[in-house]
$ cat start11.cif   # mmCIF, C-alpha atoms
data_work
loop_
_atom_site.label_atom_id
_atom_site.label_comp_id
_atom_site.auth_asym_id
_atom_site.auth_seq_id
_atom_site.Cartn_x
_atom_site.Cartn_y
_atom_site.Cartn_z
CA MET A 1404 8.44 25.95 1.82
CA ALA A 1405 8.33 22.17 1.35
CA VAL A 1406 6.20 20.69 -1.39
CA ARG A 1407 3.31 18.71 0.05
CA VAL A 1408 3.04 15.07 -0.81
CA LYS A 1409 1.20 14.27 -4.00
CA PHE A 1410 -0.39 10.92 -4.66
CA LEU A 1411 -1.93 9.11 -7.58
CA ILE A 1412 -4.18 6.07 -7.31
CA THR A 1413 -4.49 3.80 -10.34
CA PHE A 1414 -5.55 0.22 -10.90
CA GLY A 1415 -3.80 -2.30 -13.10
CA PHE A 1416 -1.80 -5.53 -13.45
CA THR A 1417 -3.12 -9.03 -13.72
CA PRO A 1418 -4.81 -9.71 -11.43
CA GLU A 1419 -6.16 -6.26 -10.69
CA ALA A 1420 -4.19 -4.33 -8.06
CA ALA A 1421 -4.44 -0.88 -6.50
CA ILE A 1422 -1.34 1.20 -7.25
CA LEU A 1423 -0.47 4.22 -5.10
CA THR A 1424 2.36 6.47 -6.24
CA THR A 1425 3.59 9.22 -3.92
CA SER A 1426 5.98 12.14 -4.29
CA GLY A 1427 6.98 15.23 -2.33
CA VAL A 1428 7.47 15.65 1.40
CA ALA A 1429 5.69 13.12 3.63
CA ARG A 1430 3.02 14.45 6.00
CA VAL A 1431 0.63 12.55 8.24
CA GLU A 1432 -2.42 14.43 6.93
CA ASP A 1433 -1.59 13.58 3.33
CA PHE A 1434 -1.06 9.91 4.20
CA ARG A 1435 -4.53 9.86 5.78
CA LYS A 1436 -6.07 11.50 2.69
CA MET A 1437 -4.32 9.03 0.39
CA SER A 1438 -5.42 6.01 2.44
CA GLU A 1439 -9.02 7.22 2.68
CA ALA A 1440 -9.07 7.92 -1.05
CA LEU A 1441 -7.93 4.34 -1.69
CA VAL A 1442 -10.50 2.56 0.48
CA ASP A 1443 -13.26 4.94 -0.69
CA ASP A 1444 -12.48 4.36 -4.38
CA PRO A 1445 -15.32 2.30 -5.91
CA ARG A 1446 -12.75 0.18 -7.80
CA PHE A 1447 -11.09 -0.92 -4.55
CA GLN A 1448 -12.13 -4.21 -2.98
CA ALA A 1449 -11.08 -5.42 0.47
CA GLY A 1450 -8.29 -7.95 0.08
CA MET A 1451 -7.13 -6.54 -3.25
CA PRO A 1452 -3.34 -6.51 -3.81
CA ILE A 1453 -1.78 -3.08 -3.27
CA LEU A 1454 1.45 -1.62 -4.66
CA ILE A 1455 2.70 1.51 -2.89
CA ASP A 1456 5.50 3.34 -4.69
CA HIS A 1457 7.21 5.77 -2.28
CA THR A 1458 10.41 6.06 -4.35
CA ALA A 1459 9.85 9.81 -4.93
CA LEU A 1460 8.74 10.48 -1.33
CA ASP A 1461 10.86 12.45 1.14
CA ALA A 1462 10.13 10.91 4.54
CA SER A 1463 13.09 12.58 6.28
CA VAL A 1464 10.81 15.12 7.97
CA LEU A 1465 8.67 12.49 9.73
CA THR A 1466 9.08 12.02 13.46
CA ALA A 1467 8.47 8.94 15.57
CA THR A 1468 5.18 10.53 16.63
CA ASP A 1469 4.19 10.94 12.97
CA VAL A 1470 5.00 7.29 12.21
CA ARG A 1471 2.95 6.15 15.23
CA ALA A 1472 0.02 8.30 14.03
CA ILE A 1473 0.23 6.75 10.55
CA GLY A 1474 0.30 3.24 12.01
CA GLU A 1475 -2.66 4.01 14.26
CA PHE A 1476 -4.58 5.37 11.29
CA VAL A 1477 -3.91 2.18 9.28
CA ALA A 1478 -5.38 0.27 12.22
CA THR A 1479 -8.63 2.25 11.84
CA ILE A 1480 -9.01 1.23 8.17
CA GLY A 1481 -7.64 -2.31 8.55
CA GLU A 1482 -11.04 -3.93 8.18
CA ARG A 1483 -11.68 -1.95 4.99
CA LEU A 1484 -8.31 -3.07 3.58
CA GLY A 1485 -9.11 -6.70 4.29
CA PRO A 1486 -6.46 -9.43 3.86
CA SER A 1487 -4.49 -7.45 1.27
CA THR A 1488 -1.02 -8.32 0.04
CA ILE A 1489 0.92 -5.04 0.03
CA ALA A 1490 4.25 -4.32 -1.67
CA VAL A 1491 5.86 -1.05 -0.58
CA VAL A 1492 8.76 0.41 -2.57
CA VAL A 1493 11.00 2.85 -0.70
CA PRO A 1494 13.97 5.00 -1.73
CA ASP A 1495 16.19 4.59 1.33
CA LYS A 1496 16.83 2.89 4.67
CA LEU A 1497 15.13 5.67 6.64
CA THR A 1498 11.86 5.25 4.76
CA PHE A 1499 12.20 1.47 5.03
CA GLY A 1500 12.44 1.85 8.82
CA PHE A 1501 9.47 4.20 8.98
CA VAL A 1502 7.31 1.82 6.95
CA ARG A 1503 8.31 -1.09 9.19
CA MET A 1504 7.58 0.96 12.35
CA GLY A 1505 4.19 2.03 11.00
CA GLU A 1506 3.37 -1.56 10.09
CA MET A 1507 4.19 -2.73 13.62
CA ARG A 1508 2.12 0.08 15.15
CA ALA A 1509 -0.85 -0.72 12.90
CA ASN A 1510 -0.83 -4.33 14.16
CA GLN A 1511 -2.92 -5.70 11.29
CA PRO A 1512 -1.96 -9.39 11.01
CA GLN A 1513 -4.32 -9.96 8.06
CA LEU A 1514 -2.09 -7.73 5.91
CA ASN A 1515 0.84 -9.35 4.12
CA VAL A 1516 3.34 -6.48 3.78
CA LYS A 1517 6.79 -6.61 2.23
CA ILE A 1518 9.14 -3.66 1.64
CA PHE A 1519 11.38 -3.32 -1.42
CA TYR A 1520 13.98 -0.93 -2.83
CA SER A 1521 13.17 -2.00 -6.41
CA LEU A 1522 9.85 -1.46 -8.18
CA PRO A 1523 10.29 -4.44 -10.57
CA GLU A 1524 11.00 -6.77 -7.62
CA ALA A 1525 7.92 -5.48 -5.80
CA VAL A 1526 5.71 -6.02 -8.84
CA GLN A 1527 7.09 -9.52 -9.36
CA TRP A 1528 6.53 -10.45 -5.69
CA LEU A 1529 3.00 -9.06 -5.74
CA GLN A 1530 2.11 -11.01 -8.86
CA GLN A 1531 3.59 -14.23 -7.42
CA LYS A 1532 1.48 -13.84 -4.28
CA GLN A 1533 -1.78 -13.82 -6.21
CA PRO A 1534 -3.63 -17.01 -7.08
CA PRO A 1535 -3.57 -17.78 -10.80
CA ALA A 1536 -6.64 -16.81 -12.77
CA ALA A 1537 -9.03 -19.67 -13.50
CA PRO A 1538 -8.81 -20.93 -17.09
CA ALA A 1539 -11.69 -19.93 -19.37
CA GLY A 1540 -14.64 -22.24 -18.98
CA THR A 1541 -13.68 -23.43 -15.48
CA ALA A 1542 -16.58 -21.63 -13.80
CA ARG A 1543 -19.10 -23.21 -16.15
CA GLN A 1544 -17.62 -26.68 -15.74
CA ALA A 1545 -17.80 -26.36 -11.98
CA ARG A 1546 -21.53 -25.64 -12.17
CA LEU A 1547 -22.30 -28.62 -14.40
#
$ encode --input "start11.cif" --output "structure tokens"
Amino acid sequence: MAVRVKFLITFGFTPEAAILTTSGVARVEDFRKMSEALVDDPRFQAGMPILIDHTALDASVLTATDVRAIGEFVATIGERLGPSTIAVVVPDKLTFGFVRMGEMRANQPQLNVKIFYSLPEAVQWLQQKQPPAAPAGTARQARL
């Protein structure tokens, strides 16, 4: 019996980002649960940067129908995700292809998605895509 996918949602980095880490065998139902858990988390804000680490995920069991279903589900939560920048880290070419297919099916142009094979490269890209934090005192000066 295959181990079901496990996921962990954390928040970190500067600026704040949602971090999803998956492991086990990919299943459509678990992807839906993970995505719902993210957008329902009170710490999540629409437009927040997202790092998805699928390096320990086995996507080899997914079918084209499964990937379409995942993409269609992302379309249903697209408004809740907002204009997020999303870095996805994958372990292999198959998973890369599935993520790309799901992204195309979701058809959410407000999302800025890039796929990586390296977690450090994904983190670096995500941090470069975020506007720099305002220096201390800037907000007060702007109000004066």
$ residues_around --input "start11.cif" --residues "region 1510-1522 of chain A" --least-positions-apart "3" --cutoff "9 Å" --atoms "only C-alpha atoms" --output "ChimeraX atom specification"
/A:1450,1456,1458,1474-1475,1477-1478,1481-1482,1484-1496,1499,1502-1503,1505-1507,1525-1528
$ write_last_selection --input "start11.cif" --atoms "C-alpha atoms" --output "mmCIF file, in the coordinates of the input"
data_model
loop_
_atom_site.group_PDB
_atom_site.id
_atom_site.type_symbol
_atom_site.label_atom_id
_atom_site.label_comp_id
_atom_site.auth_asym_id
_atom_site.auth_seq_id
_atom_site.Cartn_x
_atom_site.Cartn_y
_atom_site.Cartn_z
ATOM 1 C CA GLY A 1450 -8.290 -7.950 0.080
ATOM 2 C CA ASP A 1456 5.500 3.340 -4.690
ATOM 3 C CA THR A 1458 10.410 6.060 -4.350
ATOM 4 C CA GLY A 1474 0.300 3.240 12.010
ATOM 5 C CA GLU A 1475 -2.660 4.010 14.260
ATOM 6 C CA VAL A 1477 -3.910 2.180 9.280
ATOM 7 C CA ALA A 1478 -5.380 0.270 12.220
ATOM 8 C CA GLY A 1481 -7.640 -2.310 8.550
ATOM 9 C CA GLU A 1482 -11.040 -3.930 8.180
ATOM 10 C CA LEU A 1484 -8.310 -3.070 3.580
ATOM 11 C CA GLY A 1485 -9.110 -6.700 4.290
ATOM 12 C CA PRO A 1486 -6.460 -9.430 3.860
ATOM 13 C CA SER A 1487 -4.490 -7.450 1.270
ATOM 14 C CA THR A 1488 -1.020 -8.320 0.040
ATOM 15 C CA ILE A 1489 0.920 -5.040 0.030
ATOM 16 C CA ALA A 1490 4.250 -4.320 -1.670
ATOM 17 C CA VAL A 1491 5.860 -1.050 -0.580
ATOM 18 C CA VAL A 1492 8.760 0.410 -2.570
ATOM 19 C CA VAL A 1493 11.000 2.850 -0.700
ATOM 20 C CA PRO A 1494 13.970 5.000 -1.730
ATOM 21 C CA ASP A 1495 16.190 4.590 1.330
ATOM 22 C CA LYS A 1496 16.830 2.890 4.670
ATOM 23 C CA PHE A 1499 12.200 1.470 5.030
ATOM 24 C CA VAL A 1502 7.310 1.820 6.950
ATOM 25 C CA ARG A 1503 8.310 -1.090 9.190
ATOM 26 C CA GLY A 1505 4.190 2.030 11.000
ATOM 27 C CA GLU A 1506 3.370 -1.560 10.090
ATOM 28 C CA MET A 1507 4.190 -2.730 13.620
ATOM 29 C CA ALA A 1525 7.920 -5.480 -5.800
ATOM 30 C CA VAL A 1526 5.710 -6.020 -8.840
ATOM 31 C CA GLN A 1527 7.090 -9.520 -9.360
ATOM 32 C CA TRP A 1528 6.530 -10.450 -5.690
#
$ atom_distance --input "start11.cif" --atom1 "CA of Leu1460 (chain A)" --atom2 "CA of Lys1436 (chain A)"
15.4 Å
$ atom_distance --input "start11.cif" --atom1 "CA of Ala1420 (chain A)" --atom2 "CA of Ala1467 (chain A)"
29.9 Å
$ resolve_selection --input "start11.cif" --expression "the PyMOL selection byres ((chain A and resi 1422-1435) around 9)" --output "PDB file with C-alpha atoms, in the coordinates of the input"
ATOM      1  CA  ALA A1405       8.330  22.170   1.350  1.00  0.00           C
ATOM      2  CA  VAL A1406       6.200  20.690  -1.390  1.00  0.00           C
ATOM      3  CA  ARG A1407       3.310  18.710   0.050  1.00  0.00           C
ATOM      4  CA  VAL A1408       3.040  15.070  -0.810  1.00  0.00           C
ATOM      5  CA  LYS A1409       1.200  14.270  -4.000  1.00  0.00           C
ATOM      6  CA  PHE A1410      -0.390  10.920  -4.660  1.00  0.00           C
ATOM      7  CA  LEU A1411      -1.930   9.110  -7.580  1.00  0.00           C
ATOM      8  CA  ILE A1412      -4.180   6.070  -7.310  1.00  0.00           C
ATOM      9  CA  THR A1413      -4.490   3.800 -10.340  1.00  0.00           C
ATOM     10  CA  PHE A1414      -5.550   0.220 -10.900  1.00  0.00           C
ATOM     11  CA  GLY A1415      -3.800  -2.300 -13.100  1.00  0.00           C
ATOM     12  CA  ALA A1420      -4.190  -4.330  -8.060  1.00  0.00           C
ATOM     13  CA  ALA A1421      -4.440  -0.880  -6.500  1.00  0.00           C
ATOM     14  CA  LYS A1436      -6.070  11.500   2.690  1.00  0.00           C
ATOM     15  CA  MET A1437      -4.320   9.030   0.390  1.00  0.00           C
ATOM     16  CA  SER A1438      -5.420   6.010   2.440  1.00  0.00           C
ATOM     17  CA  GLU A1439      -9.020   7.220   2.680  1.00  0.00           C
ATOM     18  CA  ALA A1440      -9.070   7.920  -1.050  1.00  0.00           C
ATOM     19  CA  LEU A1441      -7.930   4.340  -1.690  1.00  0.00           C
ATOM     20  CA  PRO A1452      -3.340  -6.510  -3.810  1.00  0.00           C
ATOM     21  CA  ILE A1453      -1.780  -3.080  -3.270  1.00  0.00           C
ATOM     22  CA  LEU A1454       1.450  -1.620  -4.660  1.00  0.00           C
ATOM     23  CA  ILE A1455       2.700   1.510  -2.890  1.00  0.00           C
ATOM     24  CA  ASP A1456       5.500   3.340  -4.690  1.00  0.00           C
ATOM     25  CA  HIS A1457       7.210   5.770  -2.280  1.00  0.00           C
ATOM     26  CA  THR A1458      10.410   6.060  -4.350  1.00  0.00           C
ATOM     27  CA  ALA A1459       9.850   9.810  -4.930  1.00  0.00           C
ATOM     28  CA  LEU A1460       8.740  10.480  -1.330  1.00  0.00           C
ATOM     29  CA  ASP A1461      10.860  12.450   1.140  1.00  0.00           C
ATOM     30  CA  ALA A1462      10.130  10.910   4.540  1.00  0.00           C
ATOM     31  CA  SER A1463      13.090  12.580   6.280  1.00  0.00           C
ATOM     32  CA  VAL A1464      10.810  15.120   7.970  1.00  0.00           C
ATOM     33  CA  LEU A1465       8.670  12.490   9.730  1.00  0.00           C
ATOM     34  CA  ASP A1469       4.190  10.940  12.970  1.00  0.00           C
ATOM     35  CA  VAL A1470       5.000   7.290  12.210  1.00  0.00           C
ATOM     36  CA  ALA A1472       0.020   8.300  14.030  1.00  0.00           C
ATOM     37  CA  ILE A1473       0.230   6.750  10.550  1.00  0.00           C
ATOM     38  CA  PHE A1476      -4.580   5.370  11.290  1.00  0.00           C
ATOM     39  CA  VAL A1477      -3.910   2.180   9.280  1.00  0.00           C
TER      40      VAL A1477
END
$ closest_residue --input "start11.cif" --among "A:Leu1497, A:Met1451, A:Val1442, A:Ala1509" --to "Thr1466 (chain A)" --atoms "only C-alpha atoms"
A:Leu1497
